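One structure is given below, encoded as structure tokens.
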Amino acid sequence: MKSGLVRAGRKTFCFSMLCAMCSALLSAQNVEDTVLNEFQIQEIAVTAVLQQPTDNHVQLPHDRLQLTNTGQNLPYLLQTTPSLVTTSDDGLGIGYTYFRVRGTDHTRINMTVDDVPLNDQESQTVFWVNMTDMASSLTSLDVQRGVGTSKNGSSAFGASVNMHTLPGGPVKNHFELAFNGGMYNTFREMVSADIALPNHFYARGRFSKVNSDGFLYRAKSDLYSYSGAVGYQTGNTQVELSLLGGKERTYMAWDGVSYDVAYGTNGADRRYNPAGAYTDDNGNEAYYKNQTDNYAQQHARLHLTQRLTDRLFLNAILHYTHGGGYYEQYKANKKFKDFGLPTYTDAKGAEVKRSDFVRLKNLNNHFYGGIVSLRWITDKVESQFGGAVNNYDGSHWGNITYVRDSLYPHPLPLGYEYYRSTGKKLDGNVYAKANWHIINREKERLTLYGDLQYRFVDYRIDGINDEDLQPIPVHDKFHFFNPKAGVTYNNRRHQAYFNFAIANREPSRKNYTEAGIHDIPRPERLYDYESGYVYSHRRFTVGANLYFMDYDNQLVLTGKYSDTGAFLTRNVKDSYRMGIELTGGVLIVDRQDIRFRWDANLTLSRNKIQNYTDWFDVYDSNWEWQDNVERDLGEVTIAFSPSVTFGSVFNLNVYGLDLNLHTIVVGKQYLDNTMNEDATIKPYTVTNLNLQYCFDSRYFRALAKGPSITLRCQVNNLFDSKYASNGGNYESIVGGKFTSSPWYYAQAGINVHAGFVVSW
């Protein structure tokens, strides 16, 4: 264990380095005063987020989110965000889709909708496939890198995504119809309506349907989602009852493929999907037709925003979420004991231990709670006080519906259940935060930021583990204190800032249930230092954000996966992520009918585990487990953490034709923490082209109020790059020989989608 003196010394060095570089670093986003103090006497302020005005976040309005919305899940609409990397199982971004920020995976990113936690309380992730086309319901979205401000739900260990659906002003009548189709039988249909009703009432609704065959064979997606709301809004009060939900049925694409398949070498077919494969009675490879995932989720929220005085605002929310579903999976050549079934002796006296099975894994859960906050605004101080209490109750169980063994002497009872467990989680927090404007002149401002949060978690798991059919009595209570502080200085076109935050996070269900014998999970802690400088000009912006994220007991991805495709993790005592996020933009041409702009971002980072020890399974030549041995590897690079990411967007608007050319570059990534050069994701470059043209309503003068029609065309992976964006690796000792078995998730080559949007 490293001494506290060494840790303190490294933190002091990083703090000094941050301060020394602060005045030299440049940033690239157009800096506005993002304290979110749009306090207007005429309208009620519905924003409940108070944060430090820094440049390590990106704010995306509804129109910008829709620019590239052709049916891909929300993470693909965020690809212009610095340090963000996306991936999908089906290769198109329609089915199961994930993203990482600064190398941190989606299970460790805090995500909320109108302040309500969206992360599943046990897996701590968001399954975007359950709420396809969610972007169409958002009024805005904010991606905050680093710890950020206090939020409800689990702590942000790499970033937070705050989504907003509430209207920020009076609702006006608006209707929209969208359709697009593209390669691999991909189609998206969407209809939405905002209606202003008498006596300050309003109604909003949306329905979306997305279907795709997927890039991989049989990786089909059949998805729909909806949102609806009725509300009342005056200058002082807003009350809204809203519903948000969706349902998905996807054919599995979880299993990954070999290097040759992923990259199309040696004549391999990049679309190959091994999921559901088995050998039929004639010795031919076949695929189970119902190898599918089926899940539905419904969210209900009652939201109240009340102006109590000209300076005091109240936000209160009641929420309830229900989720339920199952996946059906063909498991070939599995042991009877894996499902709690006895073996048998055949006619030759040999013990039969294996067969093929069809299993169902089921899930049903309820999540509900209350959230409240008070916000007080003066010329000198903006403060916010709040808290939340949320409760989760989930059930997990598994059934075996088929055994492919006509001689098996133990007939299964109908609906044979081989495991059942429950998860219960009580989560509460209280916080107080404030921005204090020490200097508050028209062109100069010095602001101090402070944020204190206490969070309590009571988590219990009871029942039988689905992995080894052993009891899993887990009952942990956590008390977390999460302080944050910072300073920001604005002077005309300049901005400089520094902030420091501590975040604590509890393990997820998978951290417990799929932990190895040496990997009993512990809570983790993050010390996050962020500093930057920004210069904004009428024609260009430049700047940077320098970060140092120092972890204690970080839960890192090992590169191994469960048989359901879940990421496996383990605690490492001492690790860090540090880097610089450079951003820049320039308005090259700015004429009445021609506008040409270039924006870019570059992240250079170092992501290390110190004194890393890995454990390897030892098998005999028949793959019977024998032992577990350790190997000390010293300092290693954290898996799935590229040291270089780059993004570039060229935007050209000529007489109403809008063209966007977006290029993404992602550096090499290791598939596990051993730095095995034979198990890496190769660096890749992907360029996407988006074209759209809007016919203004003046072209429809025959109508009293003509519609606006926008034509869109999206070309993804324009130069047909053959690449993989995710994978895993399993290293073991088999028959006395060290083996490495990497696998990858192939992403689609060039694919084209086109459609239209009609709004009026």
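Residues in the structure tokens are named by chain (A, B, ... in the order shown) and by number from 1 within that chain; ligands are numbered from 1 in the order shown.
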* Using backbone DSSP assignments, extract all strand (DSSP E) residues from range 361-601 of chain A; output them as an NGL selection string. => :A and (361-377 or 381-403 or 416-440 or 444-463 or 474-491 or 494-505 or 524-536 or 540-561 or 567-590 or 594-601)
* Could you find all residues in range 578-749 of chain A that DSSP calls helix (DSSP H, G or I) from the backbone, and write them as a list in words? =>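 Helix (DSSP H, G or I) members of range 578-749 of chain A, listed: Ser697, Arg698, Tyr699 and Phe700 of chain A.
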Residues from last step as file, C-alpha atoms, as a PDB file, in the first residue's frame:
ATOM      1  CA  SER A 697     -42.929  28.435 -45.307  1.00  0.00           C
ATOM      2  CA  ARG A 698     -42.705  31.337 -47.768  1.00  0.00           C
ATOM      3  CA  TYR A 699     -42.583  28.682 -50.490  1.00  0.00           C
ATOM      4  CA  PHE A 700     -46.086  27.599 -49.512  1.00  0.00           C
TER       5      PHE A 700
END
* Counting only C-alpha atoms, the residue of A:Leu177, A:Val58, A:Ala203, A:Leu304 that sits nearest Ser708 in chain A -> A:Leu177
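Close contacts of His164 in chain A, defined as residues with an atom at most 9 Å away when counting only C-alpha atoms, with chain neighbours fewer than 4 positions off set aside, comprise Thr47, Thr112, Val113, Asp114, Asp115, Ser137, Leu138, Thr139, Ser140, Leu141 and Asp142 of chain A.
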Selection export as a short mmCIF file (atom, residue, chain, number, x, y, z; two decimals), in the first residue's frame, atoms kept: N, CA and C atoms:
data_model
loop_
_atom_site.label_atom_id
_atom_site.label_comp_id
_atom_site.auth_asym_id
_atom_site.auth_seq_id
_atom_site.Cartn_x
_atom_site.Cartn_y
_atom_site.Cartn_z
N THR A 47 -35.06 26.03 -14.39
CA THR A 47 -33.81 25.31 -14.27
C THR A 47 -33.43 25.18 -12.80
N THR A 112 -29.38 12.17 -15.59
CA THR A 112 -30.67 12.57 -15.02
C THR A 112 -31.56 13.15 -16.12
N VAL A 113 -32.88 13.05 -15.89
CA VAL A 113 -33.88 13.72 -16.72
C VAL A 113 -34.69 14.62 -15.81
N ASP A 114 -34.58 15.92 -16.01
CA ASP A 114 -35.27 16.89 -15.15
C ASP A 114 -34.99 16.61 -13.68
N ASP A 115 -33.71 16.36 -13.36
CA ASP A 115 -33.20 16.12 -12.01
C ASP A 115 -33.52 14.74 -11.45
N SER A 137 -37.52 14.30 -27.44
CA SER A 137 -38.30 14.83 -26.32
C SER A 137 -37.53 15.85 -25.50
N LEU A 138 -36.25 16.06 -25.81
CA LEU A 138 -35.42 16.93 -24.97
C LEU A 138 -35.47 18.37 -25.46
N THR A 139 -35.58 19.29 -24.53
CA THR A 139 -35.44 20.71 -24.87
C THR A 139 -33.97 21.13 -24.87
N SER A 140 -33.15 20.47 -24.05
CA SER A 140 -31.72 20.73 -24.03
C SER A 140 -31.04 19.60 -23.29
N LEU A 141 -29.72 19.59 -23.40
CA LEU A 141 -28.91 18.56 -22.76
C LEU A 141 -27.55 19.17 -22.43
N ASP A 142 -26.99 18.78 -21.28
CA ASP A 142 -25.69 19.29 -20.85
C ASP A 142 -24.80 18.12 -20.48
#
* Please provide the set of residues having any atom within 8 Å of range 646-659 of chain A, restricted to only C-alpha atoms, with same-chain residues fewer than 3 positions apart removed, written as a ChimeraX atom specification. => /A:80,82-83,593-603,662-666,689-694
Do a neighbour search on Glu351 in chain A at 12 Å with only C-alpha atoms, toss out local chain neighbours closer than 5 positions, and write the hits as a CSV table (one decimal) with C-alpha atoms, in the first residue's frame.
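Contents of the output file part-v3.csv:
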chain,number,residue,atom,x,y,z
A,335,LYS,CA,-22.8,-28.0,-17.6
A,336,PHE,CA,-25.9,-29.4,-15.9
A,342,PRO,CA,-28.0,-33.4,-11.8
A,343,THR,CA,-25.8,-35.3,-14.2
A,344,TYR,CA,-26.6,-38.8,-15.3
A,345,THR,CA,-24.9,-42.0,-16.5
A,346,ASP,CA,-25.4,-43.1,-20.1
A,408,TYR,CA,-32.0,-36.9,-19.9
* Best match for closeness to Gln72 in chain A among A:Lys682, A:Lys608, A:His479, A:Arg188, counting only C-alpha atoms ->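 Of all the options, A:Arg188 lies closest to Gln72 in chain A.
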* Structure fact -> Using only C-alpha atoms, the best pick from A:Asp310, A:Asp379, A:Asp338, A:Asp550 as closest to Ile439 in chain A would be A:Asp379
* To do: Would you list the contacts of Pro521 in chain A as a PyMOL selection string, taking every protein, DNA or RNA residue within 12 Å and counting only C-alpha atoms, but skipping same-chain residues closer than 5 positions in sequence?
  => chain A and resi 474+476+505-516+553-556+568-573
Selection file, C-alpha atoms, as an mmCIF file, in the first residue's frame:
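Okay, again28.cif is ready:
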data_model
loop_
_atom_site.group_PDB
_atom_site.id
_atom_site.type_symbol
_atom_site.label_atom_id
_atom_site.label_comp_id
_atom_site.auth_asym_id
_atom_site.auth_seq_id
_atom_site.Cartn_x
_atom_site.Cartn_y
_atom_site.Cartn_z
ATOM 1 C CA VAL A 474 -25.146 -8.532 0.706
ATOM 2 C CA ASP A 476 -23.955 -2.636 2.884
ATOM 3 C CA ARG A 505 -19.422 5.859 -5.255
ATOM 4 C CA GLU A 506 -20.863 2.527 -4.157
ATOM 5 C CA PRO A 507 -20.352 -0.771 -6.059
ATOM 6 C CA SER A 508 -23.027 -1.924 -8.499
ATOM 7 C CA ARG A 509 -24.883 -5.236 -8.405
ATOM 8 C CA LYS A 510 -22.542 -6.828 -10.970
ATOM 9 C CA ASN A 511 -19.550 -5.715 -8.899
ATOM 10 C CA TYR A 512 -20.921 -7.976 -6.164
ATOM 11 C CA THR A 513 -22.468 -10.887 -8.046
ATOM 12 C CA GLU A 514 -19.718 -11.369 -10.639
ATOM 13 C CA ALA A 515 -16.712 -10.578 -8.466
ATOM 14 C CA GLY A 516 -13.923 -13.147 -8.429
ATOM 15 C CA ASN A 553 -10.034 1.971 -5.011
ATOM 16 C CA GLN A 554 -11.189 2.773 -8.546
ATOM 17 C CA LEU A 555 -13.349 0.034 -10.052
ATOM 18 C CA VAL A 556 -11.697 -0.487 -13.437
ATOM 19 C CA LEU A 568 -16.547 -7.047 -15.225
ATOM 20 C CA THR A 569 -14.616 -4.821 -12.857
ATOM 21 C CA ARG A 570 -12.287 -4.908 -9.896
ATOM 22 C CA ASN A 571 -10.935 -2.371 -7.406
ATOM 23 C CA VAL A 572 -7.397 -1.054 -7.826
ATOM 24 C CA LYS A 573 -5.923 0.832 -4.910
#
* Asked: Which is closer to Glu444 in chain A than all the others in A:Ser155, A:Thr488, A:Tyr723, A:Asn333, using only C-alpha atoms?
  -> A:Thr488
* To do: Quote the spacing between CA of Thr149 in chain A and CA of Asn504 in chain A in Å to one decimal place.
  =>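 So the answer is 13.3 Å.
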* **Who sits within 8 Å of Arg493 in chain A, only C-alpha atoms, same chain under 3 positions skipped, as a ChimeraX atom specification** => /A:490,534-537
